[in-house]
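**Q** Handing you this structure, nothing more for now.
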Amino acid sequence: MTKAIESDRMREFGTAPLGKLLWKYSLPAVVGTVVMSLYHIIDSVVIGHAVDDPNVVSGIAITFPVMNISAALGMLVGTGATTRISIVMGQHDKPRAERILGNSLTLTIVIGLIYMSLFAIFLDPILRAFGASDQSLPYAREFMLWVIPGLVLINLTFNLNNVMRASGYPQKAMWTNFIGAGLNMILAPIFLFGFGLGVKGAALATDISMLVTAVFVMWHFFDQKKELSFKPGTYKLDRRIVQSVLAIGLAPFMINMAGSLINAIINNTLYTHGGDNAIAAVVVFNRYVTIFVMTVIGICQGMQPIVGYNYGAGKYDRLFRTFWLAAAAGFVVTVIGSTIGRFAPRPIAQMFMQDEQQIVCAIDCLQITAMGFWMVGYQIVATNFFQALGMAGKSIFLSLSRQIIFMIPLLMVLPSMWQLDGVWAAYPISDVLATIVTSIMLFIQIRRIKAKGRNRLLSDQQL
C-alpha cells in the first residue's frame with residue numbers, strides 16, 4: 001500500500017495540471033519560509049519602538065550577519081542531513097536514515113557549542129569587524145550575549161524541521177514555524193514594553209520561542225511510531241556519514257557565509273559614508289525585502305521536485321512550463337515589493353524606527369535600492385532552476401555572482417563618486433548585472449535541453 005501511495009505521488013509530477021501542482025507544493029513552503037523570517041522582523045520592529053535611542057536600530061543591524069554565520073553552520077549540517085536521509089529513504093534503508101538522523105543531532109550540538117564559545121570569547125572584535133561603532137556596540141553586545149544560548153536551538157529546529165518535512169510531515173513542519181514565530185510575536189512586546197527589559201527582552205523572547213519549537217520538533221522524533229525516530233546507538237559520529245552530510249551542505253554554507261562577508265563590507269562602507277543612521281537604514285531595506293524574497297524561495301521549493309522529476313523523465317515541455325510559471329510568480333512578487341518600496345517608503349521606515357533622521361535616510365535607501373528589486377524574483381527562480389536540474393556548480397555561481405562578483409567591486413567604486421547614494425546604487429546595478437548573466441546562462445541551458453529532447457525523439461523514431 002505504501003509503495004502505491006508513493007507511486008501516485010511521483011506520478012502526479014508528470015501528469016497533474018502544472019498550475020495546481022505548483023500551488024500544492026509551493027504554498028506550504030511559502031508559508032513556512034515567510035513565517036520563519038518573522039523572527040528577525042519582529043525583533044527589529046519591537047526594539048525600534050521600545051528603546052528610545054536611535055543607535056539601538058544600528059546595533060541590532062550589526063548582529064544579523066553574525067547570526068547568519070550560525071545559520072550557515074546550521075545549514076551545513078541540516079541541508080546535508082536532509083538530502084542524505086531522503087536518498088536512503090528512497091532506497092528503503094530506514095536504519096541508515098536513522099543513523100544519519102542521530103549523527104546530525106550530535107553534529108549540530110558539537111558545532112553549535114564550538115561557535116557559541118568562540119562568539120562569547122571574541123564577541124567585541126567580531127561585532128567591530130561587522131561595523132559596530134562606539135554608540136551601537138553596547139546594544140549589539142547585549143543582544144548577542146543573551147541570544148547566543150538560543151543559536152544552537154535555532155540550528156536544531158531548522159535541521160530537524162527539514163527532516164520532518166522530508167519524511168512525510170510537511171504540514172507539521174509548517175506548524176513548527178507558526179508556533180515559534182507566534183510565540184515570539186507575543187513575548188517580545190511583553191518583555192520590552194511590559195517588563196521594560198530592552199534589548200535583552202527581545203533576545204530572551206527569541207530564546208524561549210526557539211526552546212519551545214526545538215522541544216516540539218525533537219518530541220516528534222522521540223516518538224517511536226513515526227517514520228523516522230531517534231534510536232539508541234545512532235548518536236556516535238560516523239566518519240563516512242559526517243563526510244557525506246558536510247559535502248552536500250557545503251553549497252548553502254558557502255552562500256550564507258558569502259552573505260555575511262558582504263554584510264560586513266556593506267556595514268563598514270555605510271558607516272564610513274553615512275554613520276550609524278545609514279546602517280540602520282539598510283536594516284529597513286533588508287527586513288522589508290525578506291518577506292518577498294522568502295516568498296520567492298518558497299515558490300522555488302515547490303518548483304524543484306516538479307522540475308527534477310520531469311527533467312529525469314524527459315518531459316521537457318512540462319519542465320519549461322513549470323519553470324516559466326514559477327518565474328512569472330516570482331517576478332510578480334518582487335515587482336510588488338519594488339513598487340511599494342519605491343512609492344511608499346515612509347510607512348515602511350516608520351515600522352522599524354522613530355528617529356526622523358534615520359527615517360529620512362531609510363527613505364533614500366528604499367527608493368534607490370528598490371529600483372532593481374523587481375527583477376530579483378526571476379533571478380532567484382532561474383538560479384534554483386539550475387539546482388533542480390542537479391547543476392549545483394552553476395547554481396552556486398549564480399547565487400554568488402550578485403554579491404561577490406558585482407557588489408563588492410561596485411562598493412569600492414561608486415561611493416567615491418556619489419558618497420552614500422553610491423552604496424545604495426550598488427544594489428540595483430548588481431541586480432541588473434546578475435540578471436543579465438543569469439539570463440545568458442539560462443538561454444544556453446534551455447537550448448541544450450531542447451537539443452537533448454530532439455536527439456531523444458530522433459532516437460525513438462529510429463527504433
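In the C-alpha cells, chains take letters A, B, ... by order of appearance, with residues numbered from 1 within each chain and ligands from 1 in the order shown.
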Leaving out Leu183 of chain A and any residue of its chain fewer than 5 positions from it, which residues lie within 9 Å of it when counting only C-alpha atoms, given as JSON, numbers by chain?

**A** {"A": [178, 188, 205, 206, 208, 209, 212]}

**Q** With 10 Å as the cut-off and only C-alpha atoms counted, what is the closest atom pair between each nearby residue of segment 91-159 of chain A and segment 251-269 of chain A? Distances in Å to one decimal, ordered by chain and number, as a Markdown table.

**A**
| residue | atom | partner | partner_atom | distance |
| --- | --- | --- | --- | --- |
| A:Ile126 | CA | A:Ala264 | CA | 9.9 |
| A:Leu127 | CA | A:Ala264 | CA | 9.3 |
| A:Arg128 | CA | A:Asn268 | CA | 9.2 |
| A:Ala129 | CA | A:Ala264 | CA | 6.7 |
| A:Phe130 | CA | A:Ala264 | CA | 4.3 |
| A:Gly131 | CA | A:Asn268 | CA | 4.8 |
| A:Ala132 | CA | A:Asn267 | CA | 8.3 |
| A:Ser133 | CA | A:Asn268 | CA | 9.6 |

**Q** Which residues, written as an MDAnalysis selection string, have at least one atom at most 9 Å from Ile291 of chain A, with only C-alpha atoms counted and residues fewer than 4 positions away on the same chain left out?

**A** chainID A and resid 33:35 37:38 287 295:296 337

**Q** What gap, in Å, lies between atom CA of Tyr427 of chain A and atom CA of Gln350 of chain A?

**A**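 The value is 21.9 Å.
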
**Q** Taking the DSSP assignment computed from this structure's backbone, write out as number ranges by chain all residues of segment 213-398 of chain A that belong to helix (DSSP H, G or I).

**A** A: 213-222, 239-312, 316-343, 345-352, 356-369, 373-388, 392-398

**Q** Looking at only C-alpha atoms, which of A:Val66, A:Leu73, A:Leu101, A:Val432 is the one that sits closest to Asp238 of chain A?

**A** A:Leu101

**Q** Between atom CA of Leu366 of chain A and atom CA of Gly341 of chain A, what is the distance, to one decimal in Å?

**A** 5.7 Å

**Q** Atom CA of Leu22 of chain A and atom CA of Ile297 of chain A, how far apart in Å?

**A**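 Result for atom CA of Ile297 of chain A versus atom CA of Leu22 of chain A: 13.0 Å, one decimal.
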
**Q** Report as a VMD selection string all protein, DNA and RNA residues lying within 8 Å of Val245 of chain A, evaluated on only C-alpha atoms, omitting residues in the same chain fewer than 2 positions from it.

**A** chain A and resid 76 to 77 79 to 81 84 241 to 243 247 to 249

**Q** Taking 6 positions as the minimum chain separation for residues in the same chain, which residues sit within 9 Å of Tyr316 of chain A when counting only C-alpha atoms? Answer as a list in words.

**A**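 Here the answer would be Val307, Asn310, Ile449, Lys450 and Gly453 of chain A.
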
**Q** Which residues, written as a JSON list (two decimals) with C-alpha atoms, in the first residue's frame, have at least one atom at most 10 Å from Leu105 of chain A, with only C-alpha atoms counted and residues fewer than 3 positions away on the same chain left out?

**A**
[["chain", "number", "residue", "atom", "x", "y", "z"],
["A", 77, "VAL", "CA", 24.52, 20.03, 8.75],
["A", 78, "GLY", "CA", 20.78, 20.43, 8.18],
["A", 81, "ALA", "CA", 21.43, 15.53, 6.53],
["A", 99, "ARG", "CA", 21.85, 6.74, 11.91],
["A", 100, "ILE", "CA", 22.11, 9.90, 9.80],
["A", 101, "LEU", "CA", 19.39, 11.49, 11.94],
["A", 102, "GLY", "CA", 21.23, 10.64, 15.16],
["A", 108, "THR", "CA", 24.62, 20.12, 15.29],
["A", 109, "ILE", "CA", 25.21, 20.26, 19.04],
["A", 110, "VAL", "CA", 29.01, 19.90, 18.72],
["A", 155, "ASN", "CA", 20.01, 25.20, 14.33],
["A", 156, "LEU", "CA", 18.31, 22.18, 15.87],
["A", 159, "ASN", "CA", 17.67, 20.88, 10.82],
["A", 160, "LEU", "CA", 15.04, 18.62, 12.34],
["A", 218, "MET", "CA", 12.50, 16.85, 18.88],
["A", 230, "PHE", "CA", 15.86, 8.72, 17.43],
["A", 234, "THR", "CA", 22.81, 6.29, 16.42],
["A", 235, "TYR", "CA", 24.37, 9.36, 18.06],
["A", 236, "LYS", "CA", 28.03, 8.30, 17.86],
["A", 237, "LEU", "CA", 29.59, 10.19, 14.95]]
